[in-house]
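What follows is the content of final_19.pdb, which has PDB, C-alpha atoms:
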ATOM      1  CA  ARG D   1      -8.285 -92.824  11.730
ATOM      2  CA  PHE D   2     -11.181 -94.911  10.408
ATOM      3  CA  VAL D   3      -8.743 -97.443   8.981
ATOM      4  CA  VAL D   4      -6.887 -97.697  12.301
ATOM      5  CA  GLU D   5     -10.089 -98.186  14.309
ATOM      6  CA  SER D   6     -11.353-100.823  11.871
ATOM      7  CA  ALA D   7      -8.085-102.708  12.086
ATOM      8  CA  LYS D   8      -8.236-102.518  15.882
ATOM      9  CA  LYS D   9     -11.813-103.851  15.957
ATOM     10  CA  HIS D  10     -10.835-106.644  13.565
ATOM     11  CA  SER D  11      -7.890-107.527  15.795
ATOM     12  CA  ASP D  12     -10.082-107.564  18.904
ATOM     13  CA  ALA D  13     -12.623-109.809  17.177
ATOM     14  CA  THR D  14      -9.850-112.200  16.144
ATOM     15  CA  VAL D  15      -8.540-112.374  19.701
ATOM     16  CA  LEU D  16     -12.022-112.986  21.082
ATOM     17  CA  PHE D  17     -12.665-115.715  18.516
ATOM     18  CA  GLN D  18      -9.356-117.379  19.383
ATOM     19  CA  LYS D  19     -10.224-117.279  23.091
ATOM     20  CA  TYR D  20     -13.635-118.730  22.317
ATOM     21  CA  SER D  21     -12.075-121.535  20.245
ATOM     22  CA  ARG D  22      -9.619-122.398  22.984
ATOM     23  CA  MET D  23     -12.353-122.425  25.619
ATOM     24  CA  ARG D  24     -14.620-124.534  23.404
ATOM     25  CA  ASP D  25     -11.871-127.068  22.753
ATOM     26  CA  LEU D  26     -11.025-127.181  26.454
ATOM     27  CA  MET D  27     -14.625-127.868  27.456
ATOM     28  CA  ARG D  28     -14.991-130.527  24.780
ATOM     29  CA  ARG D  29     -11.802-132.212  25.971
ATOM     30  CA  LYS D  30     -12.962-132.142  29.587
ATOM     31  CA  SER D  31     -16.380-133.486  28.630
ATOM     32  CA  HIS D  32     -14.747-136.335  26.708
ATOM     33  CA  LYS D  33     -12.432-137.101  29.624
ATOM     34  CA  LEU D  34     -15.303-137.073  32.091
ATOM     35  CA  ALA D  35     -17.279-139.526  29.957
ATOM     36  CA  MET D  36     -14.264-141.848  29.654
ATOM     37  CA  ILE D  37     -13.604-141.719  33.402
ATOM     38  CA  GLN D  38     -17.218-142.547  34.168
ATOM     39  CA  ARG D  39     -17.119-145.522  31.798
ATOM     40  CA  GLN D  40     -13.866-146.723  33.398
ATOM     41  CA  ALA D  41     -15.448-146.476  36.851
ATOM     42  CA  SER D  42     -18.482-148.394  35.553
ATOM     43  CA  LEU D  43     -16.162-151.061  34.148
ATOM     44  CA  PHE D  44     -14.580-151.640  37.572
ATOM     45  CA  GLU D  45     -18.023-151.931  39.103
ATOM     46  CA  LEU D  46     -19.085-154.420  36.419
ATOM     47  CA  LEU D  47     -15.989-156.567  36.916
ATOM     48  CA  SER D  48     -16.291-156.437  40.684
ATOM     49  CA  ARG D  49     -19.997-157.300  40.606
ATOM     50  CA  SER D  50     -19.472-160.148  38.116
ATOM     51  CA  GLU D  51     -16.675-161.529  40.267
ATOM     52  CA  GLN D  52     -18.812-161.376  43.411
ATOM     53  CA  GLU D  53     -21.706-163.085  41.645
ATOM     54  CA  LYS D  54     -19.373-165.806  40.396
ATOM     55  CA  SER D  55     -17.961-166.318  43.893
ATOM     56  CA  SER D  56     -21.442-166.486  45.426
ATOM     57  CA  SER D  57     -22.591-168.948  42.778
ATOM     58  CA  LEU D  58     -19.563-171.176  43.356
ATOM     59  CA  ASN D  59     -20.059-171.157  47.105
ATOM     60  CA  ALA D  60     -23.747-172.004  46.717
ATOM     61  CA  SER D  61     -23.083-174.868  44.291
ATOM     62  CA  MET D  62     -20.377-176.313  46.535
ATOM     63  CA  LEU D  63     -22.718-176.158  49.520
ATOM     64  CA  VAL D  64     -25.451-177.993  47.611
ATOM     65  CA  SER D  65     -22.967-180.614  46.423
ATOM     66  CA  GLU D  66     -21.667-181.185  49.931
ATOM     67  CA  ARG D  67     -25.186-181.583  51.346
ATOM     68  CA  SER D  68     -26.303-183.986  48.619
ATOM     69  CA  SER D  69     -23.179-186.148  48.735
ATOM     70  CA  ASN D  70     -21.984-188.645  51.286
ATOM     71  CA  ASP D  71     -18.945-188.144  53.463
ATOM     72  CA  ASN D  72     -16.697-190.137  51.128
ATOM     73  CA  HIS D  73     -17.561-188.054  48.069
ATOM     74  CA  ILE D  74     -15.071-185.406  46.980
ATOM     75  CA  VAL D  75     -16.574-182.306  45.376
ATOM     76  CA  LYS D  76     -14.743-181.615  42.121
ATOM     77  CA  PRO D  77     -13.465-178.106  41.294
ATOM     78  CA  HIS D  78     -15.896-175.927  39.329
ATOM     79  CA  LEU D  79     -14.302-176.055  35.868
ATOM     80  CA  THR D  80     -13.567-179.753  35.943
ATOM     81  CA  GLN D  81     -17.294-180.523  35.854
ATOM     82  CA  ILE D  82     -18.973-181.065  32.472
ATOM     83  CA  ASP D  83     -22.015-178.878  33.159
ATOM     84  CA  ASN D  84     -19.892-175.900  34.162
ATOM     85  CA  VAL D  85     -17.561-176.185  31.172
ATOM     86  CA  GLN D  86     -20.592-176.437  28.878
ATOM     87  CA  HIS D  87     -21.967-173.282  30.523
ATOM     88  CA  VAL D  88     -18.717-171.473  29.659
ATOM     89  CA  ILE D  89     -18.941-172.715  26.066
ATOM     90  CA  THR D  90     -22.551-171.500  25.835
ATOM     91  CA  THR D  91     -21.513-168.100  27.230
ATOM     92  CA  VAL D  92     -18.732-167.806  24.647
ATOM     93  CA  LYS D  93     -21.006-168.821  21.765
ATOM     94  CA  SER D  94     -23.714-166.359  22.837
ATOM     95  CA  PHE D  95     -21.199-163.516  23.039
ATOM     96  CA  VAL D  96     -19.729-164.334  19.629
ATOM     97  CA  LYS D  97     -23.170-164.585  18.032
ATOM     98  CA  LYS D  98     -24.220-161.259  19.526
ATOM     99  CA  TYR D  99     -21.117-159.176  18.803
ATOM    100  CA  GLN D 100     -18.999-160.726  16.038
ATOM    101  CA  HIS D 101     -20.829-158.654  13.411
ATOM    102  CA  ASN D 102     -19.417-155.536  15.113
ATOM    103  CA  ILE D 103     -15.804-155.038  14.056
ATOM    104  CA  GLY D 104     -15.103-153.281  17.369
ATOM    105  CA  SER D 105     -15.209-156.658  19.125
ATOM    106  CA  HIS D 106     -12.712-158.358  16.822
ATOM    107  CA  SER D 107      -9.509-157.317  18.599
ATOM    108  CA  PHE D 108     -10.935-158.563  21.911
ATOM    109  CA  LEU D 109     -12.020-161.904  20.450
ATOM    110  CA  ALA D 110      -8.653-162.318  18.726
ATOM    111  CA  GLY D 111      -6.843-161.494  21.967
ATOM    112  CA  LEU D 112      -8.851-164.077  23.897
ATOM    113  CA  HIS D 113      -8.115-166.683  21.230
ATOM    114  CA  ASN D 114      -4.424-165.759  21.323
ATOM    115  CA  MET D 115      -4.236-166.146  25.105
ATOM    116  CA  ILE D 116      -5.795-169.630  25.140
ATOM    117  CA  THR D 117      -3.637-170.759  22.231
ATOM    118  CA  ALA D 118      -0.485-169.504  23.957
ATOM    119  CA  GLN D 119      -1.340-171.390  27.152
ATOM    120  CA  MET D 120      -1.610-174.669  25.222
ATOM    121  CA  ASP D 121       1.380-174.149  22.921
ATOM    122  CA  ALA D 122       4.424-176.023  24.212
ATOM    123  CA  LYS D 123       6.791-174.008  21.995
ATOM    124  CA  THR D 124       5.477-170.684  23.291
ATOM    125  CA  LEU D 125       5.752-171.902  26.877
ATOM    126  CA  GLY D 126       9.230-173.278  26.274
ATOM    127  CA  ILE D 127       8.408-176.812  27.415
ATOM    128  CA  THR D 128       8.787-180.209  25.766
ATOM    129  CA  HIS D 129       5.147-181.248  26.086
ATOM    130  CA  ARG D 130       2.006-179.166  26.448
ATOM    131  CA  ASN D 131       0.854-181.156  29.508
ATOM    132  CA  ALA D 132       4.309-181.475  31.049
ATOM    133  CA  ASP D 133       4.502-178.324  33.106
ATOM    134  CA  GLY D 134       1.748-176.429  34.905
ATOM    135  CA  ASN D 135       4.198-173.861  36.223
ATOM    136  CA  LYS D 136       4.151-171.875  32.981
ATOM    137  CA  ILE D 137       1.360-169.357  33.279
ATOM    138  CA  VAL D 138       0.073-167.058  30.533
ATOM    139  CA  ARG D 139      -1.103-163.633  31.644
ATOM    140  CA  TRP D 140      -3.087-161.473  29.233
ATOM    141  CA  LYS D 141      -2.912-157.716  29.684
ATOM    142  CA  PHE D 142      -4.999-155.229  27.743
ATOM    143  CA  ARG D 143      -6.439-151.742  28.049
ATOM    144  CA  GLY D 144      -9.843-151.214  29.621
ATOM    145  CA  THR D 145     -10.916-149.054  26.698
ATOM    146  CA  VAL D 146     -11.108-152.253  24.643
ATOM    147  CA  LEU D 147     -14.282-152.993  26.619
ATOM    148  CA  THR D 148     -15.641-149.476  27.144
ATOM    149  CA  GLU D 149     -14.815-147.607  23.934
ATOM    150  CA  ALA D 150     -14.248-150.064  21.086
ATOM    151  CA  CYS D 151     -17.733-151.529  20.713
ATOM    152  CA  ARG D 152     -20.449-149.114  21.740
ATOM    153  CA  SER D 153     -23.836-148.122  20.330
ATOM    154  CA  GLY D 154     -24.472-144.434  19.928
ATOM    155  CA  SER D 155     -28.243-144.856  20.000
ATOM    156  CA  CYS D 156     -28.492-146.550  23.379
ATOM    157  CA  GLY D 157     -28.907-145.095  26.817
ATOM    158  CA  LYS D 158     -26.434-144.949  29.667
ATOM    159  CA  GLU D 159     -27.076-148.460  30.941
ATOM    160  CA  GLU D 160     -27.238-149.997  27.474
ATOM    161  CA  SER D 161     -24.040-148.213  26.441
ATOM    162  CA  MET D 162     -22.174-150.480  28.878
ATOM    163  CA  ALA D 163     -23.977-153.637  27.728
ATOM    164  CA  TYR D 164     -20.960-154.811  25.726
ATOM    165  CA  ALA D 165     -18.606-154.246  28.662
ATOM    166  CA  GLN D 166     -20.985-156.128  30.956
ATOM    167  CA  ASP D 167     -21.279-159.103  28.599
ATOM    168  CA  ALA D 168     -17.510-159.129  28.064
ATOM    169  CA  SER D 169     -16.918-159.032  31.836
ATOM    170  CA  GLU D 170     -19.207-162.011  32.369
ATOM    171  CA  LEU D 171     -17.470-163.867  29.548
ATOM    172  CA  LEU D 172     -13.996-163.190  30.938
ATOM    173  CA  LEU D 173     -14.832-164.184  34.494
ATOM    174  CA  SER D 174     -16.614-167.359  33.395
ATOM    175  CA  PHE D 175     -13.236-169.077  32.981
ATOM    176  CA  LEU D 176     -10.522-166.504  33.684
ATOM    177  CA  VAL D 177      -9.163-165.085  36.924
ATOM    178  CA  TRP D 178      -8.979-161.311  37.221
ATOM    179  CA  ILE D 179      -5.664-159.994  38.575
ATOM    180  CA  LYS D 180      -6.883-156.910  40.411
ATOM    181  CA  GLU D 181      -4.477-154.241  39.399
ATOM    182  CA  ILE D 182      -4.674-151.231  37.136
ATOM    183  CA  ASP D 183      -2.101-148.849  35.736
ATOM    184  CA  MET D 184      -2.579-145.093  35.932
ATOM    185  CA  GLU D 185       0.206-142.559  35.317
ATOM    186  CA  GLY D 186       2.673-145.414  35.061
ATOM    187  CA  GLY D 187       2.028-146.629  38.628
ATOM    188  CA  ARG D 188       0.023-149.601  39.855
ATOM    189  CA  ILE D 189      -3.067-148.789  41.905
ATOM    190  CA  GLN D 190      -5.201-151.498  43.481
ATOM    191  CA  THR D 191      -8.667-151.676  41.990
ATOM    192  CA  GLU D 192     -10.212-151.984  45.443
ATOM    193  CA  SER D 193      -8.748-148.578  46.323
ATOM    194  CA  ILE D 194     -10.278-147.031  43.209
ATOM    195  CA  LEU D 195     -13.679-148.516  43.986
ATOM    196  CA  ARG D 196     -13.480-147.484  47.627
ATOM    197  CA  ASN D 197     -11.994-143.982  47.334
ATOM    198  CA  GLY D 198     -13.006-143.082  43.792
ATOM    199  CA  PHE D 199     -11.031-141.175  41.156
ATOM    200  CA  ASP D 200      -9.337-137.838  41.739
ATOM    201  CA  TRP D 201     -11.831-136.121  39.448
ATOM    202  CA  ASP D 202     -10.378-132.615  39.711
ATOM    203  CA  ARG D 203      -6.860-133.760  38.908
ATOM    204  CA  LEU D 204      -7.962-135.813  35.915
ATOM    205  CA  LEU D 205     -10.295-133.153  34.523
ATOM    206  CA  ASN D 206      -7.807-130.295  34.930
ATOM    207  CA  SER D 207      -4.818-132.252  33.704
ATOM    208  CA  THR D 208      -3.113-130.741  30.655
ATOM    209  CA  ALA D 209      -0.948-133.767  29.931
ATOM    210  CA  ASN D 210      -0.554-134.804  26.324
ATOM    211  CA  ASN D 211      -1.331-138.428  27.075
ATOM    212  CA  ASP D 212      -4.785-137.839  28.550
ATOM    213  CA  SER D 213      -6.264-141.005  27.086
ATOM    214  CA  GLU D 214      -3.400-143.157  28.385
ATOM    215  CA  GLU D 215      -3.583-141.456  31.776
ATOM    216  CA  MET D 216      -7.232-142.371  32.191
ATOM    217  CA  ASP D 217      -6.915-145.816  30.664
ATOM    218  CA  THR D 218      -6.424-148.885  32.800
ATOM    219  CA  ALA D 219      -4.462-152.067  32.336
ATOM    220  CA  LEU D 220      -6.499-155.195  33.009
ATOM    221  CA  SER D 221      -4.789-158.524  33.656
ATOM    222  CA  PHE D 222      -6.279-161.998  33.410
ATOM    223  CA  GLU D 223      -5.076-165.566  33.842
ATOM    224  CA  LEU D 224      -6.812-168.857  33.149
ATOM    225  CA  ASP D 225      -8.568-170.706  35.940
ATOM    226  CA  LYS D 226      -6.010-173.112  37.427
ATOM    227  CA  HIS D 227      -8.357-176.095  37.177
ATOM    228  CA  LEU D 228      -8.930-175.795  33.427
ATOM    229  CA  SER D 229      -7.384-178.679  31.535
ATOM    230  CA  ASN D 230      -5.987-178.373  28.032
ATOM    231  CA  ALA D 231      -8.805-180.603  26.774
ATOM    232  CA  ASN D 232     -11.432-178.205  28.122
ATOM    233  CA  LEU D 233      -9.453-175.237  26.801
ATOM    234  CA  ARG D 234      -9.691-176.766  23.332
ATOM    235  CA  ARG D 235     -13.454-177.064  23.774
ATOM    236  CA  ILE D 236     -13.682-173.374  24.708
ATOM    237  CA  LEU D 237     -11.338-172.419  21.882
ATOM    238  CA  ALA D 238     -13.622-174.190  19.387
ATOM    239  CA  ALA D 239     -16.425-171.785  20.345
ATOM    240  CA  LEU D 240     -14.324-168.738  19.407
ATOM    241  CA  PRO D 241     -14.013-167.526  15.809
ATOM    242  CA  ASP D 242     -10.827-168.238  13.901
ATOM    243  CA  PRO D 243      -8.559-165.149  14.028
ATOM    244  CA  LYS D 244      -8.295-165.348  10.226
ATOM    245  CA  SER D 245     -11.995-164.491  10.026
ATOM    246  CA  LEU D 246     -11.535-161.390  12.188
ATOM    247  CA  ASP D 247     -10.617-157.953  10.856
ATOM    248  CA  ALA D 248      -8.348-156.868  13.696
ATOM    249  CA  ARG D 249      -5.192-157.976  15.451
ATOM    250  CA  ALA D 250      -5.253-159.448  18.940
ATOM    251  CA  THR D 251      -5.424-156.753  21.572
ATOM    252  CA  GLY D 252      -3.075-156.602  24.534
ATOM    253  CA  THR D 253       0.064-158.537  25.325
ATOM    254  CA  VAL D 254       0.658-162.102  26.449
ATOM    255  CA  GLU D 255       3.255-162.664  29.149
ATOM    256  CA  ILE D 256       4.708-166.028  30.166
ATOM    257  CA  LEU D 257       5.293-166.319  33.917
ATOM    258  CA  ASN D 258       6.677-169.030  36.156
ATOM    259  CA  ALA D 259       4.553-170.164  39.088
ATOM    260  CA  SER D 260       7.554-169.661  41.361
ATOM    261  CA  GLN D 261       7.741-165.941  40.576
ATOM    262  CA  ALA D 262       6.959-163.559  43.427
ATOM    263  CA  SER D 263       6.295-159.835  43.695
ATOM    264  CA  SER D 264      10.000-159.067  43.342
ATOM    265  CA  ASP D 265       9.793-159.731  39.595
ATOM    266  CA  GLY D 266       7.769-156.556  39.096
ATOM    267  CA  THR D 267       4.531-158.258  38.168
ATOM    268  CA  GLY D 268       2.776-156.659  41.127
ATOM    269  CA  VAL D 269       1.333-159.987  42.286
ATOM    270  CA  SER D 270       2.572-161.695  45.438
ATOM    271  CA  GLU D 271       2.310-165.196  43.976
ATOM    272  CA  VAL D 272       1.709-166.819  40.606
ATOM    273  CA  LEU D 273      -0.259-170.014  41.144
ATOM    274  CA  PRO D 274       0.456-173.072  38.948
ATOM    275  CA  ARG D 275      -2.074-174.929  36.813
ATOM    276  CA  ILE D 276      -2.911-178.150  38.583
ATOM    277  CA  ASN D 277      -4.997-179.943  35.950
ATOM    278  CA  CYS D 278      -3.199-179.539  32.620
ATOM    279  CA  ASP D 279      -3.607-183.194  31.679
ATOM    280  CA  GLY D 280      -7.240-183.347  32.816
ATOM    281  CA  HIS D 281      -6.795-185.931  35.560
ATOM    282  CA  LEU D 282      -9.346-184.047  37.692
ATOM    283  CA  ASP D 283     -11.919-183.684  34.873
ATOM    284  CA  GLU D 284     -15.204-185.504  34.777
ATOM    285  CA  PHE D 285     -15.294-188.098  32.032
ATOM    286  CA  TRP D 286     -16.928-186.687  28.900
ATOM    287  CA  PRO D 287     -19.213-189.034  26.910
ATOM    288  CA  TRP D 288     -17.821-190.337  23.628
ATOM    289  CA  TYR D 289     -20.310-188.337  21.530
ATOM    290  CA  SER D 290     -19.344-185.013  23.117
ATOM    291  CA  SER D 291     -16.699-184.413  20.438
ATOM    292  CA  TRP D 292     -19.440-184.067  17.814
ATOM    293  CA  GLN D 293     -20.350-180.594  19.034
ATOM    294  CA  PHE D 294     -16.832-179.412  18.116
ATOM    295  CA  CYS D 295     -16.903-180.891  14.610
ATOM    296  CA  ASN D 296     -17.108-178.090  12.015
ATOM    297  CA  VAL D 297     -18.352-180.485   9.350
ATOM    298  CA  LEU D 298     -21.421-181.514  11.341
TER
END
Can you turn what I pasted into structure tokens?
Amino acid sequence: RFVVESAKKHSDATVLFQKYSRMRDLMRRKSHKLAMIQRQASLFELLSRSEQEKSSSLNASMLVSERSSNDNHIVKPHLTQIDNVQHVITTVKSFVKKYQHNIGSHSFLAGLHNMITAQMDAKTLGITHRNADGNKIVRWKFRGTVLTEACRSGSCGKEESMAYAQDASELLLSFLVWIKEIDMEGGRIQTESILRNGFDWDRLLNSTANNDSEEMDTALSFELDKHLSNANLRRILAALPDPKSLDARATGTVEILNASQASSDGTGVSEVLPRINCDGHLDEFWPWYSSWQFCNVL
């Protein structure tokens, strides 16, 4: 009888421990999911805020230019002006200097380098000359976790934990155009709807799907500003580290689109706008000594 009761108590203890382990793992998984969801929501807010600030800044600068110019003066597009391109280059250099030592940023930097290179490569675009056709558009798609999970500091607070994502957002929107669409559960959901209505927290937290991380992750899409010339792209590219010096492959995928493509092609965008300044005919004239800043020897 003593042996039977002992065995029964041992069995009950085992069952209780198993239940405890399952409950512990479940709560840990939900806590991890909640943290990821909150960082994804913060990422949308960062991108949206950076985009609004960029739009406000552009509108203000155009207004000042119009007031200070005469009626015959034509205000040049933002990224055809020397000062604005130099600001982008400074932003890129500052980001690289601040984060290149962290290997978590390498896939992002390599992906950005890969996108710019693809947009200037005639062979990749399938054209005879790199300045011959502005209808070939490169779209870079990558997961949002590249900005929220890959390069974070465990010793910083809530606001500082998103510092990398904030700096990366400002870098991206300094010369790229954000295509506002995300991918959750295999379907496209407009980012504005997410920001306005929020996430379905209960569904995401209680989900038992095997692909939890993919379910919560978002697909971000970017294209180059249509006024960027290939000459200015080379100047920006010179500020990025050589992929050979990075310890990670380029993140995301690069897709080649035609400007004539519409929403029927499955891209989820009503219209793909062409590049209108590939050859730099709209650019301000750069001084002859400007090429020195891109010389690696000097």
Counting all atoms listed in the file, which of D:Gln38, D:Thr253, D:Thr145, D:Gln100 gets nearest to Met115 of chain D?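 Among D:Gln38, D:Thr253, D:Thr145, D:Gln100, it is D:Thr253 that comes nearest to Met115 of chain D.
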Rank D:Leu109, D:Cys278, D:Val15, D:Ile116 by their smallest atom-to-atom distance to Val92 of chain D, using all atoms listed in the file, and report the top residue only.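 Once distances to Val92 of chain D are computed over all atoms listed in the file, the minimum belongs to D:Leu109.
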Could you tell me how far atom CA of Asn102 of chain D lies from atom CA of Ala250 of chain D, in Å and to one decimal?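 These atoms are spaced 15.2 Å apart.
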May I have the protein, DNA and RNA residues with any atom at most 7 Å from the point (-0.4, -166.2, 29.3), counting all atoms listed in the file, written as number ranges by chain? D: 115, 118-119, 137-140, 223, 254-256
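A straight line drawn from atom CA of Ala231 of chain D to atom CA of Asp283 of chain D is 9.2 Å long.
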Give me, please, the distance in Å between atom CA of Ser174 of chain D and atom CA of Val88 of chain D, quoted to one decimal.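 For atom CA of Ser174 of chain D relative to atom CA of Val88 of chain D, the distance reads 5.9 Å.
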Leaving out Phe222 of chain D and any residue of its chain fewer than 4 positions from it, which residues lie within 9 Å of it when counting only C-alpha atoms, given as a count of residues only? 12
Pick the closest to Ile82 of chain D from D:Arg275, D:Arg29, D:Arg24, D:Arg235: which is it, counting all atoms listed in the file?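 The answer is D:Arg235, which sits nearest to Ile82 of chain D.
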All residues 12 Å or closer to Leu240 of chain D, all atoms listed in the file, same chain fewer than 4 positions away omitted, as a PDB file with C-alpha atoms, in the frame of the given file:
ATOM      1  CA  VAL D  88     -18.717-171.473  29.659  1.00  0.00           C
ATOM      2  CA  ILE D  89     -18.941-172.715  26.066  1.00  0.00           C
ATOM      3  CA  THR D  90     -22.551-171.500  25.835  1.00  0.00           C
ATOM      4  CA  THR D  91     -21.513-168.100  27.230  1.00  0.00           C
ATOM      5  CA  VAL D  92     -18.732-167.806  24.647  1.00  0.00           C
ATOM      6  CA  LYS D  93     -21.006-168.821  21.765  1.00  0.00           C
ATOM      7  CA  SER D  94     -23.714-166.359  22.837  1.00  0.00           C
ATOM      8  CA  PHE D  95     -21.199-163.516  23.039  1.00  0.00           C
ATOM      9  CA  VAL D  96     -19.729-164.334  19.629  1.00  0.00           C
ATOM     10  CA  LYS D  97     -23.170-164.585  18.032  1.00  0.00           C
ATOM     11  CA  TYR D  99     -21.117-159.176  18.803  1.00  0.00           C
ATOM     12  CA  GLN D 100     -18.999-160.726  16.038  1.00  0.00           C
ATOM     13  CA  HIS D 106     -12.712-158.358  16.822  1.00  0.00           C
ATOM     14  CA  PHE D 108     -10.935-158.563  21.911  1.00  0.00           C
ATOM     15  CA  LEU D 109     -12.020-161.904  20.450  1.00  0.00           C
ATOM     16  CA  ALA D 110      -8.653-162.318  18.726  1.00  0.00           C
ATOM     17  CA  GLY D 111      -6.843-161.494  21.967  1.00  0.00           C
ATOM     18  CA  LEU D 112      -8.851-164.077  23.897  1.00  0.00           C
ATOM     19  CA  HIS D 113      -8.115-166.683  21.230  1.00  0.00           C
ATOM     20  CA  ASN D 114      -4.424-165.759  21.323  1.00  0.00           C
ATOM     21  CA  MET D 115      -4.236-166.146  25.105  1.00  0.00           C
ATOM     22  CA  ILE D 116      -5.795-169.630  25.140  1.00  0.00           C
ATOM     23  CA  THR D 117      -3.637-170.759  22.231  1.00  0.00           C
ATOM     24  CA  LEU D 171     -17.470-163.867  29.548  1.00  0.00           C
ATOM     25  CA  LEU D 233      -9.453-175.237  26.801  1.00  0.00           C
ATOM     26  CA  ARG D 234      -9.691-176.766  23.332  1.00  0.00           C
ATOM     27  CA  ARG D 235     -13.454-177.064  23.774  1.00  0.00           C
ATOM     28  CA  ILE D 236     -13.682-173.374  24.708  1.00  0.00           C
ATOM     29  CA  LYS D 244      -8.295-165.348  10.226  1.00  0.00           C
ATOM     30  CA  SER D 245     -11.995-164.491  10.026  1.00  0.00           C
ATOM     31  CA  LEU D 246     -11.535-161.390  12.188  1.00  0.00           C
ATOM     32  CA  PHE D 294     -16.832-179.412  18.116  1.00  0.00           C
TER      33      PHE D 294
END
Rank D:His281, D:Arg39, D:Arg28, D:Lys33 by their smallest atom-to-atom distance to Ala150 of chain D, using all atoms listed in the file, and report the top residue only. D:Arg39
Starting from the displayed file, determine the output of the PyMOL selection byres ((chain D and resi 258) around 8) and express the residue list as a PDB file with C-alpha atoms, in the frame of the given file.
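Once everything was written out, this is selection14.pdb:
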ATOM      1  CA  ASN D 135       4.198-173.861  36.223  1.00  0.00           C
ATOM      2  CA  LYS D 136       4.151-171.875  32.981  1.00  0.00           C
ATOM      3  CA  ILE D 137       1.360-169.357  33.279  1.00  0.00           C
ATOM      4  CA  ILE D 256       4.708-166.028  30.166  1.00  0.00           C
ATOM      5  CA  LEU D 257       5.293-166.319  33.917  1.00  0.00           C
ATOM      6  CA  ALA D 259       4.553-170.164  39.088  1.00  0.00           C
ATOM      7  CA  SER D 260       7.554-169.661  41.361  1.00  0.00           C
ATOM      8  CA  GLN D 261       7.741-165.941  40.576  1.00  0.00           C
ATOM      9  CA  VAL D 272       1.709-166.819  40.606  1.00  0.00           C
ATOM     10  CA  PRO D 274       0.456-173.072  38.948  1.00  0.00           C
TER      11      PRO D 274
END
Which residues are close to segment 41-46 of chain D, i.e. within 7 Å by all atoms listed in the file, leaving aside same-chain residues fewer than 5 positions away? Reply as a PyMOL selection string. chain D and resi 165-166+169
